[in-house]
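Novice: Provided herewith is a single structure, encoded as structure tokens, for subsequent inquiry.
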Amino acid sequence: MNGTMKVVMKEQAQPGAIMSTKQIPTYGAKDILIKVKATSICGTDYHIYSWDAWSQNRIKPPRVMGHEFSGEVIAVGSECHRVKIGDMVSAETHIVCEKCVQCRTGNAHICRDCAILGVDIDGTFAEYVAIPETNAWVNDKDLDPALGSIQEPLGNAVHTVLSGDVAGKSVAVVGCGPIGLMAVAVAKACGASTVYAVDINEYRLDLAQKLGAKVVLNPKEVDVVKEVMKITDGNGIDVACEMSGNAAALNQQIDFLANGGRLSLLGIPTKPVDIDINKVVFKGLTIHGITGRRMYDTWYKVKGLLASGSLNIEPIITHRLPLEEYENGMELMKSGNCGKVILIP
Ligand code: NAD
Ligand code: ZN
């Protein structure tokens with residue numbers, strides 16, 4: 001398709017981003033072209049916008065930002081056989097090599113040579129985006145595009161919460177950003193006995209409660225470990241989902257987990273973290289690092305959970321803004337007084 005489109009772009013190696021125009025992307029025989037209907041802001045986008053140390057090492061401007069999205073397929077390459085023009089799609093944002101051992105053994109989520117949309121290649125804060133057909137996830141036609149766009153982070157939450165048993169178990173979600181809030185809802189929907197939510201932001205703890213957390217704890221106000229031990233008669237919590245990226249919070253989870261508990265780590269600390277391995281050993285804890293979403297098992301779980309009627313993540317969408325207001329969106333992300341912020345091109 002000829003013509004130009006509006007985009008939000010990291011133009012230079014410095015904080016901020018600009019609204020600009022760019023050629024509508026070309027697409028190869030195995031790619032599809034999509035008209036973006038909704039694109040949500042991820043923490044990663046805020047990292048790129050604010051130009052933190054990670055972004056400085058990884059991003060090569062100019063780069064169209066954004067990766068979480070949904071939209072309508074308007075063209076397909078000559079070798080595409082699954083996705084059709086007119087389909088409403090979201091996408092797995094990790095474009096994997098399909099050649100490495102991990103890809104070839106059902107573990108493409110930990111591909112050794114993965115490119116990420118809006119990070120390594122141009123992304124979705126744009127009117128159009130081209131992606132490999134294989135990455136497209138076809139949605140029901142009547143799914144709200146905003147909900148469609150947040151299935152990708154929902155997949156992170158589902159992958160983390162369901163990386164072990166939760167039915168009938170107590171589950172703590174530590175860090176109730178958008179993904180943590182989703183994890184609260186997923187744990188509740190999957191039959192956790194009690195969901196604990198921990199965050200330093202009252203706005204987010206309030207949302208966590210609305211999504212099914214029975215106990216909310218603010219480490220700025222209470223000693224989280226003491227409080228958990230009091231509530232659980234000294235037993236501790238069965239499962240902890242680390243979604244804060246905070247070192248102190250991670251250590252608290254090691255302390256409040258029950259013997260034999262599971263700690264699933266999604267949060268990304270900015271520096272190496274010290275932990276007491278003796279506690280892990282003598283408590284018999286299982287620690288599991290979580291990257292992305294299993295391809296495509298997690299996506300089927302997301303679809304099934306949304307279809308079940310027991311998972312409602314709509315309250316997590318707190319703001320919908322036109323794409324032009326991306327700076328307001330970034331400010332909201334910075335303040336923490338938001339759930340998911342959706343941009344509409
Ligand atoms: P976010 O930054 O919006 O949320 C983090 C939350 O942690 C915030 O609400 C913050 O108030 C809270 N927090 C900070 N310090 C805390 C403390 N001491 N105790 C409790 N809570 C605390 O992030 P998000 O978008 O919801 O993502 C969650 C985490 O997962 C982030 O670290 C993100 O970088 C990471 N992430 C990992 C993957 C992956 O594939 N592993 C993918 C996406 C995001
Ligand atoms: Zn690979």
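Each chain in the structure tokens gets a letter, A, B and so on, in the order shown; residues start at 1 in every chain, and ligands are counted from 1 in the order they appear.
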How would you report the residues lying within 8 Å of ligand 1, as an MDAnalysis selection string, if you count only C-alpha atoms and all ligand atoms?

Specialist: chainID A and resid 42:44 153 156 174:181 198:201 204 218:219 242:249 265:269 289:293 333 336

Novice: Hey, which residues sit close to ligand 2? Say within 12 Å, counting only C-alpha atoms and all ligand atoms, and write them as a list of chain:residue names.

Specialist: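 Listing the residues within 12 Å of ligand 2 gives A:His94, A:Ile95, A:Val96, A:Cys97, A:Glu98, A:Lys99, A:Cys100, A:Val101, A:Gln102, A:Cys103, A:Arg104, A:Thr105, A:Gly106, A:Asn107, A:Ala108, A:His109, A:Ile110, A:Cys111, A:Arg112, A:Asp113, A:Cys114, A:Ala115, A:Met295.
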
Novice: Extract the full set of strand (DSSP E or B) residues from region 96-326 of chain A according to DSSP on the backbone, and format it as a ChimeraX atom specification.

Specialist: /A:115-117,121,126,128-132,136-138,170-174,194-198,215-217,237-242,257-265,286-289,317-322

Novice: Nearest residue to Tyr27 (chain A) out of A:Pro15, A:Pro61, A:Gly66, A:Gly77, using only C-alpha atoms?

Specialist: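 The answer is A:Gly77, which sits nearest to Tyr27 (chain A).
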
Novice: CA of Asn337 (chain A) and CA of Thr39 (chain A), how far apart in Å?

Specialist: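 Interatomic distance, CA of Thr39 (chain A) to CA of Asn337 (chain A): 19.0 Å.
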
Novice: Out of region 173-276 of chain A, which residues get helix (DSSP H, G or I) from DSSP, as a PDB file with N, CA, C and O atoms, in the first residue's frame?

Specialist:
ATOM      1  N   PRO A 178      -0.019  -2.894  35.707  1.00  0.00           N
ATOM      2  CA  PRO A 178      -1.020  -3.540  34.845  1.00  0.00           C
ATOM      3  C   PRO A 178      -0.902  -5.062  34.819  1.00  0.00           C
ATOM      4  O   PRO A 178      -1.917  -5.763  34.894  1.00  0.00           O
ATOM      5  N   ILE A 179       0.320  -5.594  34.741  1.00  0.00           N
ATOM      6  CA  ILE A 179       0.453  -7.057  34.650  1.00  0.00           C
ATOM      7  C   ILE A 179       0.120  -7.707  35.990  1.00  0.00           C
ATOM      8  O   ILE A 179      -0.548  -8.746  36.044  1.00  0.00           O
ATOM      9  N   GLY A 180       0.549  -7.095  37.080  1.00  0.00           N
ATOM     10  CA  GLY A 180       0.203  -7.619  38.402  1.00  0.00           C
ATOM     11  C   GLY A 180      -1.309  -7.623  38.611  1.00  0.00           C
ATOM     12  O   GLY A 180      -1.873  -8.591  39.139  1.00  0.00           O
ATOM     13  N   LEU A 181      -1.970  -6.558  38.184  1.00  0.00           N
ATOM     14  CA  LEU A 181      -3.436  -6.507  38.317  1.00  0.00           C
ATOM     15  C   LEU A 181      -4.081  -7.646  37.529  1.00  0.00           C
ATOM     16  O   LEU A 181      -5.022  -8.291  37.994  1.00  0.00           O
ATOM     17  N   MET A 182      -3.543  -7.893  36.343  1.00  0.00           N
ATOM     18  CA  MET A 182      -4.068  -9.013  35.550  1.00  0.00           C
ATOM     19  C   MET A 182      -3.827 -10.328  36.278  1.00  0.00           C
ATOM     20  O   MET A 182      -4.692 -11.209  36.291  1.00  0.00           O
ATOM     21  N   ALA A 183      -2.652 -10.456  36.893  1.00  0.00           N
ATOM     22  CA  ALA A 183      -2.318 -11.695  37.613  1.00  0.00           C
ATOM     23  C   ALA A 183      -3.288 -11.923  38.779  1.00  0.00           C
ATOM     24  O   ALA A 183      -3.683 -13.061  39.051  1.00  0.00           O
ATOM     25  N   VAL A 184      -3.662 -10.849  39.450  1.00  0.00           N
ATOM     26  CA  VAL A 184      -4.649 -10.965  40.542  1.00  0.00           C
ATOM     27  C   VAL A 184      -5.936 -11.572  39.995  1.00  0.00           C
ATOM     28  O   VAL A 184      -6.487 -12.539  40.544  1.00  0.00           O
ATOM     29  N   ALA A 185      -6.395 -11.019  38.866  1.00  0.00           N
ATOM     30  CA  ALA A 185      -7.657 -11.494  38.276  1.00  0.00           C
ATOM     31  C   ALA A 185      -7.529 -12.944  37.794  1.00  0.00           C
ATOM     32  O   ALA A 185      -8.455 -13.746  37.955  1.00  0.00           O
ATOM     33  N   VAL A 186      -6.380 -13.286  37.227  1.00  0.00           N
ATOM     34  CA  VAL A 186      -6.168 -14.656  36.725  1.00  0.00           C
ATOM     35  C   VAL A 186      -6.140 -15.642  37.898  1.00  0.00           C
ATOM     36  O   VAL A 186      -6.781 -16.701  37.857  1.00  0.00           O
ATOM     37  N   ALA A 187      -5.402 -15.296  38.966  1.00  0.00           N
ATOM     38  CA  ALA A 187      -5.310 -16.193  40.122  1.00  0.00           C
ATOM     39  C   ALA A 187      -6.692 -16.440  40.709  1.00  0.00           C
ATOM     40  O   ALA A 187      -7.067 -17.576  41.027  1.00  0.00           O
ATOM     41  N   LYS A 188      -7.463 -15.370  40.809  1.00  0.00           N
ATOM     42  CA  LYS A 188      -8.838 -15.471  41.339  1.00  0.00           C
ATOM     43  C   LYS A 188      -9.677 -16.379  40.434  1.00  0.00           C
ATOM     44  O   LYS A 188     -10.349 -17.299  40.910  1.00  0.00           O
ATOM     45  N   ALA A 189      -9.597 -16.124  39.105  1.00  0.00           N
ATOM     46  CA  ALA A 189     -10.405 -16.895  38.154  1.00  0.00           C
ATOM     47  C   ALA A 189     -10.014 -18.379  38.158  1.00  0.00           C
ATOM     48  O   ALA A 189     -10.842 -19.241  37.878  1.00  0.00           O
ATOM     49  N   GLU A 202      -1.550   3.175  46.411  1.00  0.00           N
ATOM     50  CA  GLU A 202      -2.904   2.884  46.906  1.00  0.00           C
ATOM     51  C   GLU A 202      -3.915   2.774  45.763  1.00  0.00           C
ATOM     52  O   GLU A 202      -4.853   1.989  45.823  1.00  0.00           O
ATOM     53  N   TYR A 203      -3.719   3.594  44.702  1.00  0.00           N
ATOM     54  CA  TYR A 203      -4.624   3.533  43.541  1.00  0.00           C
ATOM     55  C   TYR A 203      -4.635   2.108  42.987  1.00  0.00           C
ATOM     56  O   TYR A 203      -5.683   1.537  42.689  1.00  0.00           O
ATOM     57  N   ARG A 204      -3.440   1.530  42.885  1.00  0.00           N
ATOM     58  CA  ARG A 204      -3.336   0.183  42.310  1.00  0.00           C
ATOM     59  C   ARG A 204      -3.822  -0.893  43.277  1.00  0.00           C
ATOM     60  O   ARG A 204      -4.416  -1.888  42.859  1.00  0.00           O
ATOM     61  N   LEU A 205      -3.601  -0.680  44.588  1.00  0.00           N
ATOM     62  CA  LEU A 205      -4.117  -1.652  45.567  1.00  0.00           C
ATOM     63  C   LEU A 205      -5.637  -1.654  45.543  1.00  0.00           C
ATOM     64  O   LEU A 205      -6.276  -2.699  45.672  1.00  0.00           O
ATOM     65  N   ASP A 206      -6.211  -0.479  45.343  1.00  0.00           N
ATOM     66  CA  ASP A 206      -7.662  -0.354  45.255  1.00  0.00           C
ATOM     67  C   ASP A 206      -8.190  -1.143  44.048  1.00  0.00           C
ATOM     68  O   ASP A 206      -9.163  -1.901  44.155  1.00  0.00           O
ATOM     69  N   LEU A 207      -7.497  -0.991  42.901  1.00  0.00           N
ATOM     70  CA  LEU A 207      -7.878  -1.760  41.711  1.00  0.00           C
ATOM     71  C   LEU A 207      -7.714  -3.271  41.958  1.00  0.00           C
ATOM     72  O   LEU A 207      -8.569  -4.070  41.564  1.00  0.00           O
ATOM     73  N   ALA A 208      -6.633  -3.631  42.646  1.00  0.00           N
ATOM     74  CA  ALA A 208      -6.375  -5.054  42.924  1.00  0.00           C
ATOM     75  C   ALA A 208      -7.523  -5.650  43.733  1.00  0.00           C
ATOM     76  O   ALA A 208      -7.966  -6.777  43.481  1.00  0.00           O
ATOM     77  N   GLN A 209      -8.021  -4.867  44.674  1.00  0.00           N
ATOM     78  CA  GLN A 209      -9.141  -5.336  45.497  1.00  0.00           C
ATOM     79  C   GLN A 209     -10.389  -5.552  44.628  1.00  0.00           C
ATOM     80  O   GLN A 209     -11.060  -6.571  44.744  1.00  0.00           O
ATOM     81  N   LYS A 210     -10.629  -4.601  43.725  1.00  0.00           N
ATOM     82  CA  LYS A 210     -11.786  -4.719  42.825  1.00  0.00           C
ATOM     83  C   LYS A 210     -11.660  -5.966  41.937  1.00  0.00           C
ATOM     84  O   LYS A 210     -12.661  -6.542  41.510  1.00  0.00           O
ATOM     85  N   VAL A 224       5.279  -6.387  55.587  1.00  0.00           N
ATOM     86  CA  VAL A 224       4.523  -7.362  54.795  1.00  0.00           C
ATOM     87  C   VAL A 224       4.751  -8.785  55.302  1.00  0.00           C
ATOM     88  O   VAL A 224       3.801  -9.569  55.448  1.00  0.00           O
ATOM     89  N   VAL A 225       5.996  -9.131  55.605  1.00  0.00           N
ATOM     90  CA  VAL A 225       6.303 -10.505  56.027  1.00  0.00           C
ATOM     91  C   VAL A 225       5.589 -10.815  57.349  1.00  0.00           C
ATOM     92  O   VAL A 225       4.913 -11.849  57.481  1.00  0.00           O
ATOM     93  N   LYS A 226       5.700  -9.898  58.320  1.00  0.00           N
ATOM     94  CA  LYS A 226       5.041 -10.116  59.633  1.00  0.00           C
ATOM     95  C   LYS A 226       3.539 -10.261  59.452  1.00  0.00           C
ATOM     96  O   LYS A 226       2.897 -11.126  60.045  1.00  0.00           O
ATOM     97  N   GLU A 227       2.981  -9.382  58.607  1.00  0.00           N
ATOM     98  CA  GLU A 227       1.528  -9.371  58.401  1.00  0.00           C
ATOM     99  C   GLU A 227       1.069 -10.703  57.794  1.00  0.00           C
ATOM    100  O   GLU A 227       0.090 -11.303  58.240  1.00  0.00           O
ATOM    101  N   VAL A 228       1.810 -11.165  56.767  1.00  0.00           N
ATOM    102  CA  VAL A 228       1.453 -12.440  56.121  1.00  0.00           C
ATOM    103  C   VAL A 228       1.535 -13.576  57.137  1.00  0.00           C
ATOM    104  O   VAL A 228       0.638 -14.423  57.225  1.00  0.00           O
ATOM    105  N   MET A 229       2.610 -13.599  57.932  1.00  0.00           N
ATOM    106  CA  MET A 229       2.779 -14.686  58.893  1.00  0.00           C
ATOM    107  C   MET A 229       1.664 -14.673  59.937  1.00  0.00           C
ATOM    108  O   MET A 229       1.188 -15.727  60.370  1.00  0.00           O
ATOM    109  N   LYS A 230       1.228 -13.462  60.300  1.00  0.00           N
ATOM    110  CA  LYS A 230       0.129 -13.361  61.275  1.00  0.00           C
ATOM    111  C   LYS A 230      -1.155 -13.942  60.673  1.00  0.00           C
ATOM    112  O   LYS A 230      -1.830 -14.776  61.275  1.00  0.00           O
ATOM    113  N   ILE A 231      -1.449 -13.522  59.418  1.00  0.00           N
ATOM    114  CA  ILE A 231      -2.702 -13.958  58.772  1.00  0.00           C
ATOM    115  C   ILE A 231      -2.694 -15.472  58.515  1.00  0.00           C
ATOM    116  O   ILE A 231      -3.721 -16.131  58.585  1.00  0.00           O
ATOM    117  N   ALA A 247      14.050  -5.218  44.475  1.00  0.00           N
ATOM    118  CA  ALA A 247      14.899  -6.185  45.172  1.00  0.00           C
ATOM    119  C   ALA A 247      14.362  -6.501  46.571  1.00  0.00           C
ATOM    120  O   ALA A 247      14.314  -7.673  46.977  1.00  0.00           O
ATOM    121  N   ALA A 248      13.966  -5.473  47.309  1.00  0.00           N
ATOM    122  CA  ALA A 248      13.479  -5.706  48.677  1.00  0.00           C
ATOM    123  C   ALA A 248      12.209  -6.554  48.635  1.00  0.00           C
ATOM    124  O   ALA A 248      12.024  -7.479  49.444  1.00  0.00           O
ATOM    125  N   ALA A 249      11.355  -6.258  47.654  1.00  0.00           N
ATOM    126  CA  ALA A 249      10.096  -7.003  47.527  1.00  0.00           C
ATOM    127  C   ALA A 249      10.384  -8.468  47.217  1.00  0.00           C
ATOM    128  O   ALA A 249       9.730  -9.375  47.746  1.00  0.00           O
ATOM    129  N   LEU A 250      11.385  -8.715  46.394  1.00  0.00           N
ATOM    130  CA  LEU A 250      11.737 -10.099  46.039  1.00  0.00           C
ATOM    131  C   LEU A 250      12.181 -10.866  47.297  1.00  0.00           C
ATOM    132  O   LEU A 250      11.764 -12.000  47.543  1.00  0.00           O
ATOM    133  N   ASN A 251      12.995 -10.223  48.103  1.00  0.00           N
ATOM    134  CA  ASN A 251      13.455 -10.887  49.327  1.00  0.00           C
ATOM    135  C   ASN A 251      12.317 -11.127  50.317  1.00  0.00           C
ATOM    136  O   ASN A 251      12.300 -12.146  51.015  1.00  0.00           O
ATOM    137  N   GLN A 252      11.359 -10.183  50.355  1.00  0.00           N
ATOM    138  CA  GLN A 252      10.193 -10.403  51.226  1.00  0.00           C
ATOM    139  C   GLN A 252       9.425 -11.649  50.789  1.00  0.00           C
ATOM    140  O   GLN A 252       8.910 -12.404  51.613  1.00  0.00           O
ATOM    141  N   GLN A 253       9.361 -11.868  49.465  1.00  0.00           N
ATOM    142  CA  GLN A 253       8.627 -13.039  48.983  1.00  0.00           C
ATOM    143  C   GLN A 253       9.322 -14.330  49.416  1.00  0.00           C
ATOM    144  O   GLN A 253       8.668 -15.299  49.799  1.00  0.00           O
ATOM    145  N   ILE A 254      10.643 -14.328  49.352  1.00  0.00           N
ATOM    146  CA  ILE A 254      11.375 -15.520  49.818  1.00  0.00           C
ATOM    147  C   ILE A 254      11.065 -15.757  51.298  1.00  0.00           C
ATOM    148  O   ILE A 254      10.904 -16.885  51.750  1.00  0.00           O
ATOM    149  N   ASP A 255      10.909 -14.655  52.054  1.00  0.00           N
ATOM    150  CA  ASP A 255      10.622 -14.776  53.491  1.00  0.00           C
ATOM    151  C   ASP A 255       9.188 -15.214  53.770  1.00  0.00           C
ATOM    152  O   ASP A 255       8.951 -15.975  54.695  1.00  0.00           O
ATOM    153  N   PHE A 256       8.224 -14.706  52.990  1.00  0.00           N
ATOM    154  CA  PHE A 256       6.833 -15.049  53.366  1.00  0.00           C
ATOM    155  C   PHE A 256       6.286 -16.282  52.648  1.00  0.00           C
ATOM    156  O   PHE A 256       5.171 -16.717  52.925  1.00  0.00           O
TER     157      PHE A 256
END

Novice: Nearest residue to Glu133 (chain A) out of A:Gln14, A:Thr93, A:Thr160, A:Gln151, using only C-alpha atoms?

Specialist: A:Thr93

Novice: Any idea what's packed within 12 Å of Gly148 (chain A), counting only C-alpha atoms, ignoring anything in its chain fewer than 6 positions away? Could you give it as a PyMOL selection string?

Specialist: chain A and resi 36-40+68-72+88-92+136-142+154-155+299+302-303+306+313-314+317+342

Novice: Could you write those residues out with N, CA and C atoms, as a short mmCIF file (atom, residue, chain, number, x, y, z; two decimals), in the first residue's frame?

Specialist:
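result_8.cif, freshly written:
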data_model
loop_
_atom_site.label_atom_id
_atom_site.label_comp_id
_atom_site.auth_asym_id
_atom_site.auth_seq_id
_atom_site.Cartn_x
_atom_site.Cartn_y
_atom_site.Cartn_z
N VAL A 36 -3.93 -0.57 12.56
CA VAL A 36 -3.97 -0.64 14.03
C VAL A 36 -5.24 0.06 14.54
N LYS A 37 -6.01 -0.65 15.38
CA LYS A 37 -7.24 -0.08 15.97
C LYS A 37 -7.01 0.39 17.40
N ALA A 38 -6.11 -0.28 18.12
CA ALA A 38 -5.81 0.10 19.50
C ALA A 38 -4.40 -0.40 19.82
N THR A 39 -3.66 0.42 20.57
CA THR A 39 -2.30 0.00 20.95
C THR A 39 -2.06 0.49 22.38
N SER A 40 -1.71 -0.44 23.27
CA SER A 40 -1.59 -0.06 24.68
C SER A 40 -0.14 0.21 25.05
N GLU A 68 2.07 -3.68 21.94
CA GLU A 68 0.79 -4.30 22.28
C GLU A 68 -0.28 -3.66 21.41
N PHE A 69 -1.04 -4.48 20.65
CA PHE A 69 -2.01 -3.86 19.76
C PHE A 69 -3.07 -4.85 19.31
N SER A 70 -4.11 -4.31 18.67
CA SER A 70 -5.00 -5.14 17.86
C SER A 70 -5.42 -4.30 16.67
N GLY A 71 -5.81 -4.97 15.61
CA GLY A 71 -6.19 -4.25 14.40
C GLY A 71 -6.77 -5.16 13.35
N GLU A 72 -7.03 -4.55 12.18
CA GLU A 72 -7.68 -5.29 11.09
C GLU A 72 -6.66 -5.59 9.99
N MET A 88 -9.65 -9.69 12.41
CA MET A 88 -9.20 -8.82 13.49
C MET A 88 -8.13 -9.61 14.25
N VAL A 89 -6.97 -8.99 14.43
CA VAL A 89 -5.86 -9.74 15.04
C VAL A 89 -5.17 -8.94 16.15
N SER A 90 -4.54 -9.69 17.05
CA SER A 90 -3.51 -9.16 17.94
C SER A 90 -2.25 -9.92 17.56
N ALA A 91 -1.16 -9.75 18.34
CA ALA A 91 0.03 -10.48 17.93
C ALA A 91 0.93 -10.82 19.08
N GLU A 92 1.56 -11.97 18.94
CA GLU A 92 2.72 -12.30 19.75
C GLU A 92 3.83 -11.36 19.27
N ALA A 136 0.53 -13.60 14.12
CA ALA A 136 -0.81 -13.04 14.29
C ALA A 136 -1.71 -13.97 15.10
N TRP A 137 -2.49 -13.38 15.98
CA TRP A 137 -3.47 -14.12 16.77
C TRP A 137 -4.85 -13.59 16.37
N VAL A 138 -5.65 -14.44 15.75
CA VAL A 138 -6.94 -13.98 15.23
C VAL A 138 -7.95 -13.89 16.37
N ASN A 139 -8.57 -12.72 16.50
CA ASN A 139 -9.56 -12.46 17.54
C ASN A 139 -10.98 -12.64 17.02
N ASP A 140 -11.92 -12.80 17.96
CA ASP A 140 -13.33 -12.75 17.58
C ASP A 140 -13.60 -11.35 17.05
N LYS A 141 -14.45 -11.26 16.03
CA LYS A 141 -14.71 -9.96 15.38
C LYS A 141 -15.29 -8.93 16.35
N ASP A 142 -16.05 -9.42 17.36
CA ASP A 142 -16.72 -8.47 18.25
C ASP A 142 -15.90 -8.13 19.50
N LEU A 154 -1.55 -9.70 29.20
CA LEU A 154 -2.35 -10.69 29.93
C LEU A 154 -1.67 -12.06 29.82
N GLY A 155 -1.09 -12.32 28.67
CA GLY A 155 -0.35 -13.57 28.48
C GLY A 155 0.83 -13.67 29.44
N TRP A 299 -1.34 -18.27 24.65
CA TRP A 299 -2.38 -17.53 23.93
C TRP A 299 -3.72 -18.29 23.95
N VAL A 302 -5.17 -17.77 27.36
CA VAL A 302 -5.75 -16.42 27.46
C VAL A 302 -7.15 -16.41 26.83
N LYS A 303 -7.23 -16.97 25.64
CA LYS A 303 -8.51 -16.99 24.92
C LYS A 303 -9.56 -17.78 25.72
N LEU A 306 -10.69 -15.86 28.85
CA LEU A 306 -11.61 -14.75 28.53
C LEU A 306 -12.98 -15.31 28.14
N ILE A 313 -11.05 -8.51 32.76
CA ILE A 313 -9.93 -7.60 32.97
C ILE A 313 -10.26 -6.17 32.51
N GLU A 314 -11.52 -5.96 32.16
CA GLU A 314 -11.89 -4.61 31.69
C GLU A 314 -11.57 -3.49 32.68
N ILE A 317 -8.38 -1.46 32.18
CA ILE A 317 -8.27 -0.38 31.18
C ILE A 317 -8.84 0.89 31.82
N ILE A 342 -4.64 3.02 26.83
CA ILE A 342 -4.78 2.59 25.43
C ILE A 342 -4.71 3.81 24.52
#

Novice: Give me, please, the distance in Å between CA of Ile85 (chain A) and CA of Asp297 (chain A), quoted to one decimal.

Specialist: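 A separation of 24.7 Å between them.
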
Novice: Let me make sure I understand: among A:Thr194, A:Thr286, A:Ser310, A:Asn2, which one has the smallest atom-to-atom distance to Leu263 (chain A) if we use only C-alpha atoms?

Specialist: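 That would be A:Thr286, the residue with the smallest distance to Leu263 (chain A).
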
Novice: If you count only C-alpha atoms, which residues fall within 9 Å of Leu343 (chain A), apart from same-chain ones fewer than 4 positions away, as a VMD selection string?

Specialist: chain A and resid 37 to 41 125 146 319 to 326 329

Novice: Which value, in Å to one decimal, gives the distance between CA of Asp120 (chain A) and CA of Ile59 (chain A)?

Specialist: 6.7 Å
